[in-house]
Amino acid sequence: MPEDHLDSTADALRPVPVDPIIPTFREWAMLKAEQTELTSRMNKLRDRVAEAVQSRGYTDHKGSQYIDLPFPIPVSDHEYIRIKRERRVSIVADLEAAERITRARGYEIYRRAFPPVPTLDADELYVLLQEGELTEEDMDQIMVQKESFAFRGLTS
């Protein structure tokens with residue numbers, strides 16, 4: 001029998017060290033996959049129900065839409081009697097309209113509505129360094145490292 005065959009058999013019979021984190025990580029990975037699947041499924045169901053409420057439901061004075069259920073549906077510690085597709089309204093600025101209108105009223109009005117906001121141009125800092133306007137010490141104080149961590153399980 002070739003020697004390399006004996007080595008692989010010996011490796012196969014060697015006990016595998018068990019790291020106690022493996023079952024915890026495996027459970028986390030399984031729950032993460034299940035959560036992704038459940039979220040997708042839940043969103044699809046929500047969209048189907050919302051579509052039904054929109055097409056078949058009745059509307060109240062605020063614009064929300066409803067379907068009354070034919071009987072209460074108990075789930076956990078709740079009992080559902082109606083489905084609501086709630087209307088929500090928010091006010092947002094139309095930036096193009098705001099710019100057009102305030103510019104038409106004059107520079108002062110425009111600047112009050114759109115004040116200049118100082119922003120840091122990191123590329124320009126390096127140009128200033130090359131020109132001798134900033135020193136390496138200045139740059140070390142300005143460009144600082146920020147450390148953060150993200151938890152991920154890698155599949156390959």
# chains A, B, ... in the order shown; residues from 1 in each chain; ligands from 1

$ select_by_dssp --residues "chain A" --states "helix (DSSP H, G or I)" --output "ChimeraX atom specification"
/A:3-13,21-56,95-104,107-113,122-130,136-142

$ select_by_dssp --residues "segment 3-155 of chain A" --states "strand (DSSP E or B)" --output "number ranges by chain"
A: 58-59, 65-75, 78-85

$ write_last_selection --atoms "N, CA, C and O atoms" --output "compact mmCIF listing (two decimals), in the first residue's frame"
# COMPACT_ATOMS: atom_id res chain seq x y z
N TYR A 58 -62.83 49.52 1.80
CA TYR A 58 -63.55 50.79 1.86
C TYR A 58 -62.59 51.83 2.45
O TYR A 58 -61.62 51.50 3.12
N THR A 59 -62.86 53.10 2.16
CA THR A 59 -61.97 54.19 2.54
C THR A 59 -62.64 55.07 3.58
O THR A 59 -63.83 55.40 3.44
N GLN A 65 -57.60 52.79 4.06
CA GLN A 65 -58.47 51.76 3.46
C GLN A 65 -58.55 50.56 4.39
O GLN A 65 -57.57 50.22 5.06
N TYR A 66 -59.72 49.89 4.37
CA TYR A 66 -59.98 48.79 5.29
C TYR A 66 -60.67 47.63 4.61
O TYR A 66 -61.44 47.83 3.67
N ILE A 67 -60.45 46.45 5.17
CA ILE A 67 -61.29 45.28 4.90
C ILE A 67 -61.63 44.71 6.28
O ILE A 67 -60.73 44.43 7.08
N ASP A 68 -62.93 44.57 6.55
CA ASP A 68 -63.35 43.93 7.79
C ASP A 68 -63.28 42.43 7.59
O ASP A 68 -63.74 41.90 6.57
N LEU A 69 -62.69 41.73 8.54
CA LEU A 69 -62.58 40.28 8.45
C LEU A 69 -63.92 39.64 8.84
O LEU A 69 -64.63 40.15 9.71
N PRO A 70 -64.31 38.53 8.22
CA PRO A 70 -65.61 37.91 8.51
C PRO A 70 -65.70 37.32 9.92
O PRO A 70 -66.79 37.10 10.43
N PHE A 71 -64.55 37.08 10.54
CA PHE A 71 -64.50 36.58 11.91
C PHE A 71 -63.14 36.95 12.49
O PHE A 71 -62.18 37.17 11.76
N PRO A 72 -63.02 37.05 13.82
CA PRO A 72 -61.74 37.39 14.44
C PRO A 72 -60.68 36.31 14.16
O PRO A 72 -60.99 35.12 14.15
N ILE A 73 -59.46 36.76 13.91
CA ILE A 73 -58.35 35.83 13.66
C ILE A 73 -57.37 35.97 14.82
O ILE A 73 -56.65 36.96 14.93
N PRO A 74 -57.37 34.97 15.72
CA PRO A 74 -56.44 35.04 16.86
C PRO A 74 -55.03 34.64 16.44
O PRO A 74 -54.82 33.63 15.77
N VAL A 75 -54.06 35.46 16.83
CA VAL A 75 -52.65 35.19 16.59
C VAL A 75 -51.90 35.64 17.83
O VAL A 75 -51.93 36.83 18.18
N HIS A 78 -53.00 38.60 20.20
CA HIS A 78 -53.83 39.56 19.47
C HIS A 78 -54.99 38.84 18.80
O HIS A 78 -54.92 37.65 18.52
N GLU A 79 -56.02 39.61 18.55
CA GLU A 79 -57.15 39.09 17.79
C GLU A 79 -57.47 40.11 16.70
O GLU A 79 -57.94 41.20 16.99
N TYR A 80 -57.19 39.74 15.46
CA TYR A 80 -57.37 40.65 14.34
C TYR A 80 -58.81 40.63 13.85
O TYR A 80 -59.38 39.55 13.66
N ILE A 81 -59.40 41.82 13.68
CA ILE A 81 -60.78 41.93 13.22
C ILE A 81 -60.88 42.71 11.90
O ILE A 81 -61.92 42.71 11.26
N ARG A 82 -59.80 43.39 11.52
CA ARG A 82 -59.84 44.25 10.35
C ARG A 82 -58.40 44.41 9.83
O ARG A 82 -57.46 44.32 10.58
N ILE A 83 -58.30 44.66 8.52
CA ILE A 83 -57.01 44.95 7.90
C ILE A 83 -57.04 46.42 7.49
O ILE A 83 -58.03 46.89 6.90
N LYS A 84 -56.00 47.14 7.79
CA LYS A 84 -55.96 48.57 7.47
C LYS A 84 -54.75 48.87 6.59
O LYS A 84 -53.64 48.45 6.88
N ARG A 85 -54.99 49.59 5.53
CA ARG A 85 -53.92 50.15 4.70
C ARG A 85 -53.94 51.64 5.01
O ARG A 85 -54.73 52.40 4.47

$ atom_distance --atom1 "atom CA of Tyr107 of chain A" --atom2 "atom CA of Glu124 of chain A"
28.0 Å

$ residues_around --residues "Ala98 of chain A" --least-positions-apart "6" --cutoff "12 Å" --atoms "only C-alpha atoms" --output "PyMOL selection string"
chain A and resi 92+104-105+109-114

$ residues_around --residues "segment 23-26 of chain A" --least-positions-apart "4" --cutoff "12 Å" --atoms "only C-alpha atoms" --output "VMD selection string"
chain A and resid 18 to 19 30 to 33 151 to 154

$ atom_distance --atom1 "atom CA of Arg87 of chain A" --atom2 "atom CA of Glu99 of chain A"
29.4 Å

$ atom_distance --atom1 "atom CA of Ile142 of chain A" --atom2 "atom CA of Leu120 of chain A"
10.7 Å

$ closest_residue --among "A:Ser64, A:Pro17, A:Ser40, A:Met139" --to "Ala122 of chain A" --atoms "only C-alpha atoms"
A:Met139
